[in-house]
>>> print(open('data_24.cif').read())   # mmCIF, C-alpha atoms and all ligand atoms
data_entry
loop_
_atom_site.label_atom_id
_atom_site.label_comp_id
_atom_site.auth_asym_id
_atom_site.auth_seq_id
_atom_site.Cartn_x
_atom_site.Cartn_y
_atom_site.Cartn_z
CA MET A 1 0.00 0.00 0.00
CA ALA A 2 3.08 2.19 0.00
CA SER A 3 2.35 3.44 -3.52
CA VAL A 4 -0.55 5.56 -2.30
CA LYS A 5 0.44 8.98 -1.00
CA PRO A 6 -0.51 9.21 2.70
CA VAL A 7 -2.95 11.93 3.69
CA LYS A 8 -1.58 14.52 6.10
CA VAL A 9 -3.63 15.07 9.23
CA GLY A 10 -3.72 17.64 12.05
CA LEU A 11 -5.57 16.93 15.30
CA ILE A 12 -7.24 19.68 17.31
CA GLY A 13 -8.18 18.85 20.92
CA ALA A 14 -5.43 16.88 22.66
CA GLY A 15 -7.51 15.68 25.62
CA ALA A 16 -8.43 12.21 26.88
CA ILE A 17 -9.58 10.54 23.66
CA SER A 18 -6.81 12.01 21.50
CA GLY A 19 -4.39 9.41 22.94
CA ILE A 20 -5.94 6.38 21.24
CA TYR A 21 -6.64 8.37 18.07
CA LEU A 22 -3.01 9.44 17.80
CA GLN A 23 -1.72 5.98 18.70
CA ASN A 24 -3.76 4.36 15.92
CA MET A 25 -3.32 7.15 13.39
CA THR A 26 0.48 7.16 13.81
CA GLN A 27 1.00 3.41 14.20
CA ILE A 28 -1.82 1.42 12.56
CA PHE A 29 -3.03 3.17 9.43
CA SER A 30 -0.42 3.59 6.69
CA ILE A 31 -2.69 5.97 4.76
CA LEU A 32 -2.40 8.62 7.51
CA ASP A 33 0.54 10.92 8.14
CA VAL A 34 -0.11 12.89 11.33
CA VAL A 35 1.72 16.21 11.23
CA GLY A 36 0.84 17.61 14.64
CA CYS A 37 -1.73 18.42 17.30
CA SER A 38 -3.01 21.49 19.11
CA ASP A 39 -5.05 22.31 22.19
CA LEU A 40 -6.23 25.39 24.07
CA ILE A 41 -4.18 24.01 26.96
CA ASP A 42 -0.55 24.17 25.91
CA GLU A 43 0.59 21.35 28.18
CA ARG A 44 -1.84 18.87 26.65
CA SER A 45 -0.72 19.30 23.05
CA ARG A 46 2.95 19.39 24.16
CA ASN A 47 2.57 16.06 25.98
CA ARG A 48 0.75 14.37 23.09
CA ALA A 49 3.27 15.72 20.58
CA GLN A 50 6.15 14.29 22.61
CA GLU A 51 4.38 11.00 23.16
CA PHE A 52 3.78 10.39 19.44
CA GLY A 53 6.75 12.17 17.87
CA ILE A 54 4.63 14.76 16.07
CA ARG A 55 4.68 18.58 16.13
CA GLN A 56 3.05 20.64 18.83
CA MET A 57 1.08 23.19 16.82
CA THR A 58 -1.49 25.93 17.35
CA ASN A 59 -4.95 25.71 15.79
CA ASP A 60 -3.91 28.43 13.33
CA GLU A 61 -0.75 26.55 12.33
CA ILE A 62 -2.81 23.45 11.57
CA LEU A 63 -5.40 25.42 9.62
CA SER A 64 -2.83 27.33 7.58
CA ASP A 65 -0.58 24.35 6.80
CA PRO A 66 -1.16 23.82 3.06
CA GLU A 67 -0.13 20.15 3.27
CA ILE A 68 -2.70 19.12 5.90
CA GLU A 69 -5.79 17.72 4.18
CA ILE A 70 -7.84 16.41 7.13
CA VAL A 71 -8.47 18.07 10.50
CA VAL A 72 -9.48 15.63 13.23
CA ASN A 73 -11.65 17.48 15.74
CA THR A 74 -11.42 15.80 19.14
CA THR A 75 -12.39 18.86 21.16
CA TYR A 76 -15.37 18.61 23.52
CA PRO A 77 -18.89 19.05 22.07
CA LEU A 78 -19.14 22.75 22.95
CA SER A 79 -16.22 23.43 20.58
CA HIS A 80 -17.12 21.02 17.75
CA TYR A 81 -19.01 23.57 15.65
CA GLU A 82 -16.47 26.39 15.86
CA VAL A 83 -13.45 24.14 15.21
CA SER A 84 -15.09 22.22 12.33
CA LYS A 85 -16.32 25.46 10.77
CA ALA A 86 -12.87 27.04 10.97
CA ALA A 87 -11.32 23.94 9.39
CA LEU A 88 -13.84 23.90 6.52
CA LEU A 89 -13.31 27.62 5.94
CA ALA A 90 -9.57 26.90 5.79
CA GLY A 91 -10.23 24.35 3.02
CA LYS A 92 -9.68 21.20 5.11
CA HIS A 93 -11.76 18.03 5.23
CA VAL A 94 -13.00 17.38 8.78
CA HIS A 95 -13.51 14.28 10.87
CA CYS A 96 -15.25 15.32 14.10
CA GLU A 97 -16.01 13.52 17.33
CA LYS A 98 -19.70 13.12 18.15
CA MET A 99 -21.95 14.99 18.04
CA MET A 100 -21.40 17.52 15.31
CA ALA A 101 -22.78 20.60 17.09
CA THR A 102 -25.03 21.64 19.94
CA THR A 103 -27.92 23.00 17.84
CA MET A 104 -29.62 21.84 14.64
CA GLY A 105 -28.95 25.26 13.12
CA GLU A 106 -25.20 24.88 13.60
CA ALA A 107 -25.28 21.31 12.27
CA ARG A 108 -27.17 22.39 9.12
CA GLU A 109 -24.68 25.22 8.61
CA LEU A 110 -21.72 22.81 8.76
CA MET A 111 -23.32 20.42 6.28
CA ALA A 112 -24.08 23.28 3.89
CA LEU A 113 -20.59 24.74 4.25
CA ALA A 114 -18.91 21.40 3.48
CA LYS A 115 -21.11 21.00 0.41
CA GLU A 116 -20.46 24.56 -0.77
CA LYS A 117 -16.70 24.11 -0.40
CA GLY A 118 -16.63 20.63 -1.94
CA LEU A 119 -15.07 19.26 1.25
CA ARG A 120 -15.76 16.14 3.26
CA ILE A 121 -17.22 16.17 6.73
CA GLY A 122 -17.08 12.94 8.68
CA MET A 123 -18.52 12.09 12.05
CA ALA A 124 -17.57 9.72 14.85
CA PRO A 125 -18.32 7.21 16.16
CA ASP A 126 -16.44 4.84 13.86
CA THR A 127 -17.03 1.78 16.05
CA PHE A 128 -19.40 0.33 13.41
CA LEU A 129 -16.32 -0.23 11.23
CA GLY A 130 -14.99 -2.68 13.82
CA ALA A 131 -15.15 -6.48 13.74
CA ALA A 132 -18.40 -6.89 15.69
CA LEU A 133 -20.71 -4.56 13.81
CA GLN A 134 -19.25 -5.38 10.37
CA THR A 135 -19.79 -9.10 11.11
CA ALA A 136 -23.33 -8.34 12.30
CA ARG A 137 -23.98 -6.50 9.04
CA LYS A 138 -22.70 -9.47 7.05
CA TYR A 139 -25.03 -11.82 8.92
CA ILE A 140 -28.02 -9.55 8.40
CA ASP A 141 -27.27 -9.02 4.72
CA ALA A 142 -26.85 -12.79 4.28
CA GLY A 143 -30.39 -13.23 5.60
CA MET A 144 -29.38 -15.07 8.77
CA ILE A 145 -32.16 -13.38 10.78
CA GLY A 146 -34.55 -12.98 7.86
CA THR A 147 -36.10 -9.54 7.57
CA PRO A 148 -35.22 -7.28 10.51
CA ILE A 149 -38.45 -6.18 12.16
CA ASN A 150 -37.41 -4.64 15.45
CA ALA A 151 -34.33 -3.35 17.26
CA CYS A 152 -33.82 -2.70 20.92
CA ALA A 153 -31.02 -0.48 22.23
CA LEU A 154 -30.45 0.48 25.82
CA VAL A 155 -27.58 2.23 27.51
CA MET A 156 -27.44 3.17 31.16
CA ARG A 157 -24.39 4.82 32.63
CA GLY A 158 -24.40 6.51 36.01
CA TYR A 159 -23.07 10.06 35.75
CA LYS A 160 -22.70 12.05 38.92
CA PRO A 161 -21.52 15.66 38.99
CA MET A 162 -18.06 15.12 40.45
CA GLY A 163 -16.40 17.49 38.00
CA GLU A 164 -12.77 17.90 37.12
CA GLN A 165 -10.52 19.38 39.75
CA ASP A 166 -9.82 22.24 37.34
CA GLY A 167 -13.41 23.33 37.91
CA ARG A 168 -14.72 22.48 34.44
CA LEU A 169 -18.02 20.69 34.32
CA SER A 170 -17.89 17.27 32.68
CA MET A 171 -19.04 17.37 29.05
CA VAL A 172 -21.84 14.90 29.73
CA MET A 173 -23.49 17.62 31.85
CA THR A 174 -23.18 20.42 29.33
CA ALA A 175 -25.02 21.28 26.12
CA GLY A 176 -24.64 18.69 23.38
CA GLY A 177 -22.99 16.19 25.70
CA GLY A 178 -25.77 14.46 27.67
CA ILE A 179 -26.04 10.70 27.40
CA PRO A 180 -28.55 10.67 24.50
CA TYR A 181 -25.95 12.60 22.48
CA ASP A 182 -22.79 11.14 23.94
CA MET A 183 -23.57 7.41 24.17
CA GLY A 184 -26.68 7.57 21.97
CA GLY A 185 -24.38 8.25 19.02
CA TYR A 186 -22.86 4.76 19.20
CA TYR A 187 -26.26 3.06 19.19
CA LEU A 188 -27.71 5.24 16.46
CA HIS A 189 -24.71 4.81 14.16
CA ALA A 190 -24.82 1.05 14.79
CA MET A 191 -28.53 0.85 13.98
CA ILE A 192 -28.25 3.10 10.90
CA HIS A 193 -25.33 0.96 9.67
CA LEU A 194 -27.38 -2.23 10.14
CA LEU A 195 -30.90 -1.08 9.31
CA GLY A 196 -30.64 2.17 7.35
CA GLY A 197 -32.17 5.59 7.81
CA ILE A 198 -34.98 6.53 10.18
CA ARG A 199 -38.26 8.01 8.92
CA ARG A 200 -40.09 9.07 12.12
CA VAL A 201 -39.32 9.32 15.82
CA SER A 202 -41.23 9.99 18.98
CA GLY A 203 -40.61 9.52 22.65
CA PHE A 204 -39.79 11.14 25.91
CA ALA A 205 -36.73 13.04 27.05
CA LYS A 206 -36.01 15.17 30.05
CA THR A 207 -33.42 16.42 32.44
CA ARG A 208 -34.13 14.75 35.72
CA ASN A 209 -32.93 16.95 38.59
CA PRO A 210 -32.14 19.98 36.38
CA VAL A 211 -30.34 21.67 39.26
CA GLU A 212 -27.51 19.45 40.49
CA VAL A 213 -24.85 19.98 43.15
CA PHE A 214 -21.10 19.32 42.87
CA ALA A 215 -20.60 16.22 45.02
CA ASN A 216 -16.81 15.97 45.17
CA PRO A 217 -15.27 17.61 48.30
CA ARG A 218 -12.07 18.22 46.30
CA HIS A 219 -13.93 20.16 43.63
CA PRO A 220 -13.46 23.95 43.85
CA ARG A 221 -17.24 24.35 43.55
CA TYR A 222 -18.12 21.65 46.12
CA LYS A 223 -21.79 21.86 47.19
CA GLU A 224 -22.54 24.62 44.67
CA GLY A 225 -25.56 24.09 42.43
CA PHE A 226 -25.42 24.21 38.65
CA ASP A 227 -27.84 23.83 35.76
CA PHE A 228 -27.64 20.39 34.18
CA SER A 229 -28.22 21.79 30.70
CA THR A 230 -28.68 18.61 28.67
CA PRO A 231 -31.16 15.72 28.81
CA ASN A 232 -30.12 12.77 30.94
CA MET A 233 -33.09 10.49 30.27
CA MET A 234 -34.50 9.58 26.88
CA THR A 235 -36.69 6.79 25.57
CA ALA A 236 -37.19 6.94 21.83
CA ALA A 237 -39.43 5.04 19.44
CA LEU A 238 -37.94 4.78 15.96
CA GLU A 239 -39.48 3.86 12.65
CA PHE A 240 -36.84 2.93 10.09
CA GLU A 241 -37.40 3.73 6.42
CA GLN A 242 -37.36 0.01 5.57
CA GLY A 243 -40.25 -0.59 7.97
CA CYS A 244 -38.40 -1.96 11.00
CA TYR A 245 -39.27 -0.47 14.39
CA GLY A 246 -36.79 0.24 17.17
CA THR A 247 -36.36 1.71 20.60
CA LEU A 248 -33.45 3.53 22.17
CA THR A 249 -33.26 4.26 25.87
CA ALA A 250 -30.29 6.31 27.06
CA MET A 251 -30.07 7.49 30.64
CA SER A 252 -27.47 8.44 33.19
CA GLU A 253 -29.54 8.69 36.37
CA SER A 254 -29.02 5.22 37.83
CA PHE A 255 -25.83 3.28 38.62
CA GLY A 256 -23.60 0.85 36.75
CA GLU A 257 -23.40 0.38 33.01
CA THR A 258 -25.78 -1.81 31.00
CA PRO A 259 -25.14 -1.64 27.25
CA ARG A 260 -27.62 -3.65 25.13
CA LEU A 261 -28.28 -3.90 21.42
CA GLU A 262 -30.46 -6.60 19.85
CA ILE A 263 -31.84 -6.92 16.34
CA TYR A 264 -34.89 -9.12 15.86
CA GLY A 265 -35.78 -10.63 12.48
CA THR A 266 -38.37 -12.94 10.99
CA GLU A 267 -35.89 -15.85 11.07
CA GLY A 268 -33.78 -15.13 14.10
CA THR A 269 -32.16 -12.63 16.45
CA LEU A 270 -28.74 -11.02 16.68
CA VAL A 271 -27.63 -10.26 20.22
CA LEU A 272 -24.90 -7.66 20.05
CA SER A 273 -22.89 -6.09 22.81
CA ASP A 274 -21.66 -2.58 23.46
CA PRO A 275 -21.42 -0.58 20.20
CA ASN A 276 -18.93 1.69 21.97
CA ASN A 277 -16.52 -1.24 21.48
CA TYR A 278 -15.10 -2.70 18.28
CA GLY A 279 -14.99 -6.39 18.99
CA ASP A 280 -17.38 -7.51 21.72
CA PRO A 281 -18.81 -11.00 21.07
CA ILE A 282 -21.97 -11.30 19.01
CA TYR A 283 -24.55 -14.06 19.24
CA LEU A 284 -27.09 -15.47 16.82
CA ILE A 285 -30.35 -17.21 17.65
CA ARG A 286 -32.02 -18.95 14.70
CA ASN A 287 -35.72 -19.78 14.73
CA GLY A 288 -36.36 -23.50 14.85
CA TYR A 289 -33.41 -24.40 17.04
CA GLN A 290 -34.91 -26.47 19.83
CA GLN A 291 -33.10 -24.90 22.71
CA MET A 292 -32.92 -21.41 21.21
CA LYS A 293 -29.61 -20.80 22.93
CA PRO A 294 -27.63 -17.85 21.57
CA CYS A 295 -24.63 -19.10 19.62
CA GLU A 296 -21.47 -16.97 19.49
CA VAL A 297 -20.48 -16.40 15.87
CA PRO A 298 -16.94 -15.91 14.53
CA PHE A 299 -15.87 -12.53 13.21
CA THR A 300 -15.64 -12.14 9.45
CA HIS A 301 -13.86 -8.77 9.72
CA GLY A 302 -10.80 -7.25 11.37
CA TYR A 303 -10.37 -4.44 13.90
CA PRO A 304 -11.68 -6.14 17.07
CA VAL A 305 -9.80 -3.80 19.44
CA ASN A 306 -10.09 -0.05 20.11
CA SER A 307 -9.48 1.20 16.56
CA ARG A 308 -10.55 4.83 16.98
CA GLY A 309 -9.26 6.64 13.94
CA ILE A 310 -10.39 3.95 11.47
CA GLY A 311 -13.06 6.42 10.35
CA VAL A 312 -10.33 8.96 9.55
CA ALA A 313 -8.36 6.28 7.67
CA ASP A 314 -11.50 5.32 5.76
CA MET A 315 -11.96 8.98 4.79
CA ALA A 316 -8.32 9.19 3.68
CA TRP A 317 -8.68 6.07 1.50
CA GLY A 318 -11.93 7.57 0.22
CA ILE A 319 -10.09 10.74 -0.81
CA ARG A 320 -7.35 8.82 -2.61
CA ASN A 321 -9.77 6.34 -4.26
CA ASP A 322 -12.46 8.95 -4.95
CA ARG A 323 -15.25 7.13 -3.13
CA PRO A 324 -17.53 8.20 -0.24
CA HIS A 325 -16.29 7.79 3.33
CA ARG A 326 -18.39 5.64 5.62
CA CYS A 327 -18.54 7.77 8.80
CA SER A 328 -20.32 10.44 6.84
CA GLY A 329 -21.57 13.84 7.88
CA GLU A 330 -25.02 12.69 6.70
CA MET A 331 -24.95 9.82 9.17
CA GLY A 332 -23.81 12.09 12.01
CA PHE A 333 -26.44 14.69 11.11
CA HIS A 334 -29.15 12.02 10.96
CA ALA A 335 -28.21 10.68 14.41
CA PHE A 336 -28.16 14.23 15.81
CA GLU A 337 -31.57 14.92 14.29
CA VAL A 338 -32.99 11.76 15.92
CA VAL A 339 -31.98 12.92 19.41
CA ASN A 340 -33.32 16.42 18.77
CA GLY A 341 -36.44 15.05 17.07
CA VAL A 342 -37.32 12.95 20.12
CA GLN A 343 -37.08 16.05 22.31
CA GLU A 344 -39.26 17.95 19.85
CA SER A 345 -41.81 15.12 19.83
CA CYS A 346 -41.85 15.10 23.61
CA LYS A 347 -42.57 18.84 23.64
CA THR A 348 -45.29 18.83 20.98
CA GLY A 349 -46.87 15.46 21.76
CA ARG A 350 -46.60 14.59 18.05
CA VAL A 351 -44.51 12.18 16.04
CA TYR A 352 -41.47 13.96 14.54
CA GLU A 353 -40.90 13.43 10.81
CA MET A 354 -37.20 13.32 10.03
CA THR A 355 -36.04 15.93 7.51
CA SER A 356 -32.77 14.18 6.68
CA HIS A 357 -32.20 10.92 4.87
CA VAL A 358 -29.21 8.63 4.98
CA ASP A 359 -28.43 5.36 3.21
CA ARG A 360 -26.58 2.54 4.93
CA PRO A 361 -22.84 3.05 4.47
CA ALA A 362 -21.17 0.45 2.23
CA PRO A 363 -20.06 -2.57 4.26
CA LEU A 364 -16.34 -3.28 4.47
CA PRO A 365 -15.18 -6.24 2.43
CA ALA A 366 -14.93 -9.35 4.60
CA GLY A 367 -11.91 -11.54 5.18
CA HIS A 368 -9.29 -8.96 6.06
CA VAL A 369 -9.03 -10.01 9.65
CA ALA A 370 -5.38 -10.15 10.61
CA GLY A 371 -2.86 -7.53 11.68
CA THR A 372 -1.75 -4.70 9.44
CA ALA A 373 -3.02 -6.49 6.32
CA ALA A 374 -6.54 -5.69 7.52
CA GLU A 375 -6.11 -2.13 6.20
CA ALA A 376 -6.59 -3.53 2.69
CA CYS A 377 -10.32 -3.61 3.49
CA LEU A 378 -10.33 0.21 3.36
CA ASP A 379 -8.59 0.37 -0.03
CA ASN A 380 -11.76 0.06 -2.05
N1 LIG A 401 -13.14 10.35 26.77
C1 LIG A 401 -13.65 9.31 26.14
O1 LIG A 401 -13.62 8.15 26.61
C2 LIG A 401 -14.28 9.49 24.79
C3 LIG A 401 -14.53 8.35 24.05
C4 LIG A 401 -15.02 8.47 22.78
C5 LIG A 401 -15.33 9.72 22.28
N2 LIG A 401 -15.11 10.83 23.03
C6 LIG A 401 -15.46 12.13 22.43
O2 LIG A 401 -14.26 12.84 22.17
C7 LIG A 401 -14.46 14.24 22.36
C8 LIG A 401 -13.44 14.73 23.34
O3 LIG A 401 -13.57 14.00 24.54
P1 LIG A 401 -12.39 13.97 25.61
O4 LIG A 401 -12.84 13.02 26.66
O5 LIG A 401 -11.08 13.77 24.95
O6 LIG A 401 -12.51 15.46 26.18
P2 LIG A 401 -11.35 16.30 26.90
O7 LIG A 401 -12.02 17.40 27.61
O8 LIG A 401 -10.46 15.39 27.67
O9 LIG A 401 -10.51 16.86 25.67
C9 LIG A 401 -11.00 17.86 24.83
C10 LIG A 401 -9.85 18.81 24.59
O10 LIG A 401 -10.23 19.77 23.61
C11 LIG A 401 -9.60 20.99 23.94
N3 LIG A 401 -10.30 22.07 23.26
C12 LIG A 401 -11.57 22.51 23.47
N4 LIG A 401 -11.88 23.50 22.63
C13 LIG A 401 -10.78 23.71 21.87
C14 LIG A 401 -10.47 24.61 20.81
N5 LIG A 401 -11.36 25.52 20.38
N6 LIG A 401 -9.24 24.54 20.26
C15 LIG A 401 -8.32 23.64 20.69
N7 LIG A 401 -8.55 22.78 21.69
C16 LIG A 401 -9.77 22.80 22.27
C17 LIG A 401 -9.69 21.05 25.45
O11 LIG A 401 -8.75 21.95 26.00
C18 LIG A 401 -9.42 19.60 25.82
O12 LIG A 401 -8.06 19.36 26.09
C19 LIG A 401 -15.91 14.39 22.82
O13 LIG A 401 -16.72 14.73 21.73
C20 LIG A 401 -16.28 13.00 23.34
O14 LIG A 401 -17.66 12.72 23.16
C21 LIG A 401 -14.55 10.75 24.26
#
>>> encode(input="data_24.cif", output="structure tokens", more="lines below")
Ligand SMILES: NC(=O)c1ccc[n+]([C@@H]2O[C@H](COP(=O)([O-])OP(=O)(O)OC[C@H]3O[C@@H](n4cnc5c(N)ncnc54)[C@H](O)[C@@H]3O)[C@@H](O)[C@H]2O)c1
Amino acid sequence: MASVKPVKVGLIGAGAISGIYLQNMTQIFSILDVVGCSDLIDERSRNRAQEFGIRQMTNDEILSDPEIEIVVNTTYPLSHYEVSKAALLAGKHVHCEKMMATTMGEARELMALAKEKGLRIGMAPDTFLGAALQTARKYIDAGMIGTPINACALVMRGYKPMGEQDGRLSMVMTAGGGIPYDMGGYYLHAMIHLLGGIRRVSGFAKTRNPVEVFANPRHPRYKEGFDFSTPNMMTAALEFEQGCYGTLTAMSESFGETPRLEIYGTEGTLVLSDPNNYGDPIYLIRNGYQQMKPCEVPFTHGYPVNSRGIGVADMAWGIRNDRPHRCSGEMGFHAFEVVNGVQESCKTGRVYEMTSHVDRPAPLPAGHVAGTAAEACLDN
């Protein structure tokens, strides 16, 4: 694959998740050439730059570097819109962490800007490119569960307002970051990848305990109240364009973590695990089996471990091979509209008709399961 010119990348937002992105983008994917990273906090980009042997840069240096083609936006959700917009205006393709913005207006603006400039916008999560969800797609497309007729997704994660010791409120308690946006993105991308676009949504969403209190005695704002400005409970009913129904419950008001994703068909059921992961086991139940015990199925695809950045690599191969990238802006926008549409439906008491449409992204070719050779599945 050395004959293809690698695509130069700059990463903006050198916080927690940038570590695995940079590790994979510098070490796993030959199509990517990471030039440098930046952050509002100097120390963070300096540390990441040293760790991965890349340049510490400012946002402006990344945006004005004529060789950088893709900006990876791993800032927190409150900064996604401004950083992606600046990158598009600077003529760069963008791959952004979920979700794309904090308002529908901003999200529409980004989509229109990318189109106007002839640039790509791509959205995380890219976990559906991993071994588990690609294998699940292969089983569904091969008819192993017949026609999918229902899907059930549930994610519960307990979030309490402990806060960082630097005083910043955790992103899951600020606009655009609540669990329906944050974790909901994994489930929605997984379901769109498997079942296609969504026609109508309805449901309930709210912020339980809208005024919370900092609970950590070491937090500078210990015992102070704050507005929890994003929903922390949502139950959505989904009608997919192909006729399948689904539900998605995402909440952060209880304790523990219970990720669930199941797809029910006329001939069987696929029991999947956490779509935040790339290679959790998947199980098949076929109608007619006497005991109906779920049977673990082997993976047909590679990338079973944390492969964050595969979506960026897929975009880079897409640029070089002149084909669409799979973690598309359309998919990210559609998922964002679902979460906002459910809130709208809850307010109006009416079913929300989706305004956006997305097709299932092309599946990855099967069989590329081992080591670095797996990257050949993206060269298509
Ligand atoms: N932490 C995780 O486990 C995880 C997992 C998957 C996805 N994500 C997603 O990744 C994104 C980032 O999450 P994180 O946990 O790394 O957050 P973080 O707060 O640790 O890092 C975000 C970084 O972005 C920087 N930043 C913010 N605005 C900026 C700007 N305008 N210019 C330059 N730098 C800026 C911040 O200073 C911070 O260092 C979020 O969208 C989150 O949903 C996080």
>>> residues_near_ligand(input="data_24.cif", ligand="ligand LIG 401 (chain A)", cutoff="7 Å", atoms="only C-alpha atoms and all ligand atoms", output="PDB file with C-alpha atoms, in the frame of the given file")
ATOM      1  CA  ILE A  12      -7.240  19.680  17.310  1.00  0.00           C
ATOM      2  CA  GLY A  13      -8.180  18.850  20.920  1.00  0.00           C
ATOM      3  CA  ALA A  14      -5.430  16.880  22.660  1.00  0.00           C
ATOM      4  CA  GLY A  15      -7.510  15.680  25.620  1.00  0.00           C
ATOM      5  CA  ALA A  16      -8.430  12.210  26.880  1.00  0.00           C
ATOM      6  CA  ILE A  17      -9.580  10.540  23.660  1.00  0.00           C
ATOM      7  CA  SER A  18      -6.810  12.010  21.500  1.00  0.00           C
ATOM      8  CA  SER A  38      -3.010  21.490  19.110  1.00  0.00           C
ATOM      9  CA  ASP A  39      -5.050  22.310  22.190  1.00  0.00           C
ATOM     10  CA  LEU A  40      -6.230  25.390  24.070  1.00  0.00           C
ATOM     11  CA  ILE A  41      -4.180  24.010  26.960  1.00  0.00           C
ATOM     12  CA  ARG A  44      -1.840  18.870  26.650  1.00  0.00           C
ATOM     13  CA  ASN A  59      -4.950  25.710  15.790  1.00  0.00           C
ATOM     14  CA  THR A  74     -11.420  15.800  19.140  1.00  0.00           C
ATOM     15  CA  THR A  75     -12.390  18.860  21.160  1.00  0.00           C
ATOM     16  CA  TYR A  76     -15.370  18.610  23.520  1.00  0.00           C
ATOM     17  CA  PRO A  77     -18.890  19.050  22.070  1.00  0.00           C
ATOM     18  CA  SER A  79     -16.220  23.430  20.580  1.00  0.00           C
ATOM     19  CA  GLU A  82     -16.470  26.390  15.860  1.00  0.00           C
ATOM     20  CA  VAL A  83     -13.450  24.140  15.210  1.00  0.00           C
ATOM     21  CA  GLU A  97     -16.010  13.520  17.330  1.00  0.00           C
ATOM     22  CA  LYS A  98     -19.700  13.120  18.150  1.00  0.00           C
ATOM     23  CA  MET A  99     -21.950  14.990  18.040  1.00  0.00           C
ATOM     24  CA  GLY A 177     -22.990  16.190  25.700  1.00  0.00           C
ATOM     25  CA  ASP A 182     -22.790  11.140  23.940  1.00  0.00           C
TER      26      ASP A 182
END
>>> closest_residue(input="data_24.cif", among="A:Gly265, A:Gly36, A:Gly178, A:Gly130", to="His193 of chain A", atoms="only C-alpha atoms")
A:Gly130
>>> atom_distance(input="data_24.cif", atom1="atom CA of Gly349 of chain A", atom2="atom CA of Leu248 of chain A")
18.0 Å
>>> atom_distance(input="data_24.cif", atom1="atom CA of Phe336 of chain A", atom2="atom CA of Glu106 of chain A")
11.3 Å
>>> atom_distance(input="data_24.cif", atom1="atom CA of Ser30 of chain A", atom2="atom CA of Lys85 of chain A")
27.3 Å
>>> residues_around(input="data_24.cif", residues="segment 110-119 of chain A", least_positions_apart="2", cutoff="6 Å", atoms="all atoms listed in the file", output="ChimeraX atom specification")
/A:93,107-108
>>> closest_residue(input="data_24.cif", among="A:Gly268, A:Pro148, A:Pro361, A:Pro298", to="Arg286 of chain A", atoms="only C-alpha atoms")
A:Gly268
>>> closest_atom_pairs(input="data_24.cif", of="segment 232-299 of chain A", to="segment 134-147 of chain A", cutoff="12 Å", atoms="all atoms listed in the file", output="JSON lines")
{"residue": "A:Gln242", "atom": "CA", "partner": "A:Thr147", "partner_atom": "CA", "distance": 9.8}
{"residue": "A:Gly243", "atom": "CA", "partner": "A:Thr147", "partner_atom": "CA", "distance": 9.9}
{"residue": "A:Cys244", "atom": "CA", "partner": "A:Thr147", "partner_atom": "CA", "distance": 8.6}
{"residue": "A:Tyr245", "atom": "CA", "partner": "A:Thr147", "partner_atom": "CA", "distance": 11.8}
{"residue": "A:Leu261", "atom": "CA", "partner": "A:Ala136", "partner_atom": "CA", "distance": 11.3}
{"residue": "A:Glu262", "atom": "CA", "partner": "A:Ala136", "partner_atom": "CA", "distance": 10.5}
{"residue": "A:Ile263", "atom": "CA", "partner": "A:Ile145", "partner_atom": "CA", "distance": 8.5}
{"residue": "A:Tyr264", "atom": "CA", "partner": "A:Ile145", "partner_atom": "CA", "distance": 7.2}
{"residue": "A:Gly265", "atom": "CA", "partner": "A:Ile145", "partner_atom": "CA", "distance": 4.9}
{"residue": "A:Thr266", "atom": "CA", "partner": "A:Gly146", "partner_atom": "CA", "distance": 4.9}
{"residue": "A:Glu267", "atom": "CA", "partner": "A:Ile145", "partner_atom": "CA", "distance": 4.5}
{"residue": "A:Gly268", "atom": "CA", "partner": "A:Ile145", "partner_atom": "CA", "distance": 4.1}
{"residue": "A:Thr269", "atom": "CA", "partner": "A:Ile145", "partner_atom": "CA", "distance": 5.7}
{"residue": "A:Leu270", "atom": "CA", "partner": "A:Ile145", "partner_atom": "CA", "distance": 7.2}
{"residue": "A:Val271", "atom": "CA", "partner": "A:Ala136", "partner_atom": "CA", "distance": 9.2}
{"residue": "A:Leu272", "atom": "CA", "partner": "A:Ala136", "partner_atom": "CA", "distance": 7.9}
{"residue": "A:Ser273", "atom": "CA", "partner": "A:Ala136", "partner_atom": "CA", "distance": 10.8}
{"residue": "A:Pro275", "atom": "CA", "partner": "A:Gln134", "partner_atom": "CA", "distance": 11.2}
{"residue": "A:Tyr278", "atom": "CA", "partner": "A:Gln134", "partner_atom": "CA", "distance": 9.3}
{"residue": "A:Gly279", "atom": "CA", "partner": "A:Thr135", "partner_atom": "CA", "distance": 9.6}
{"residue": "A:Asp280", "atom": "CA", "partner": "A:Thr135", "partner_atom": "CA", "distance": 11.0}
{"residue": "A:Pro281", "atom": "CA", "partner": "A:Thr135", "partner_atom": "CA", "distance": 10.2}
{"residue": "A:Ile282", "atom": "CA", "partner": "A:Ala136", "partner_atom": "CA", "distance": 7.5}
{"residue": "A:Tyr283", "atom": "CA", "partner": "A:Ala136", "partner_atom": "CA", "distance": 9.1}
{"residue": "A:Leu284", "atom": "CA", "partner": "A:Ile145", "partner_atom": "CA", "distance": 8.2}
{"residue": "A:Ile285", "atom": "CA", "partner": "A:Ile145", "partner_atom": "CA", "distance": 8.1}
{"residue": "A:Arg286", "atom": "CA", "partner": "A:Ile145", "partner_atom": "CA", "distance": 6.8}
{"residue": "A:Asn287", "atom": "CA", "partner": "A:Ile145", "partner_atom": "CA", "distance": 8.3}
{"residue": "A:Gly288", "atom": "CA", "partner": "A:Ile145", "partner_atom": "CA", "distance": 11.7}
{"residue": "A:Glu296", "atom": "CA", "partner": "A:Ala136", "partner_atom": "CA", "distance": 11.4}
{"residue": "A:Val297", "atom": "CA", "partner": "A:Thr135", "partner_atom": "CA", "distance": 8.7}
{"residue": "A:Pro298", "atom": "CA", "partner": "A:Thr135", "partner_atom": "CA", "distance": 8.1}
{"residue": "A:Phe299", "atom": "CA", "partner": "A:Thr135", "partner_atom": "CA", "distance": 5.6}
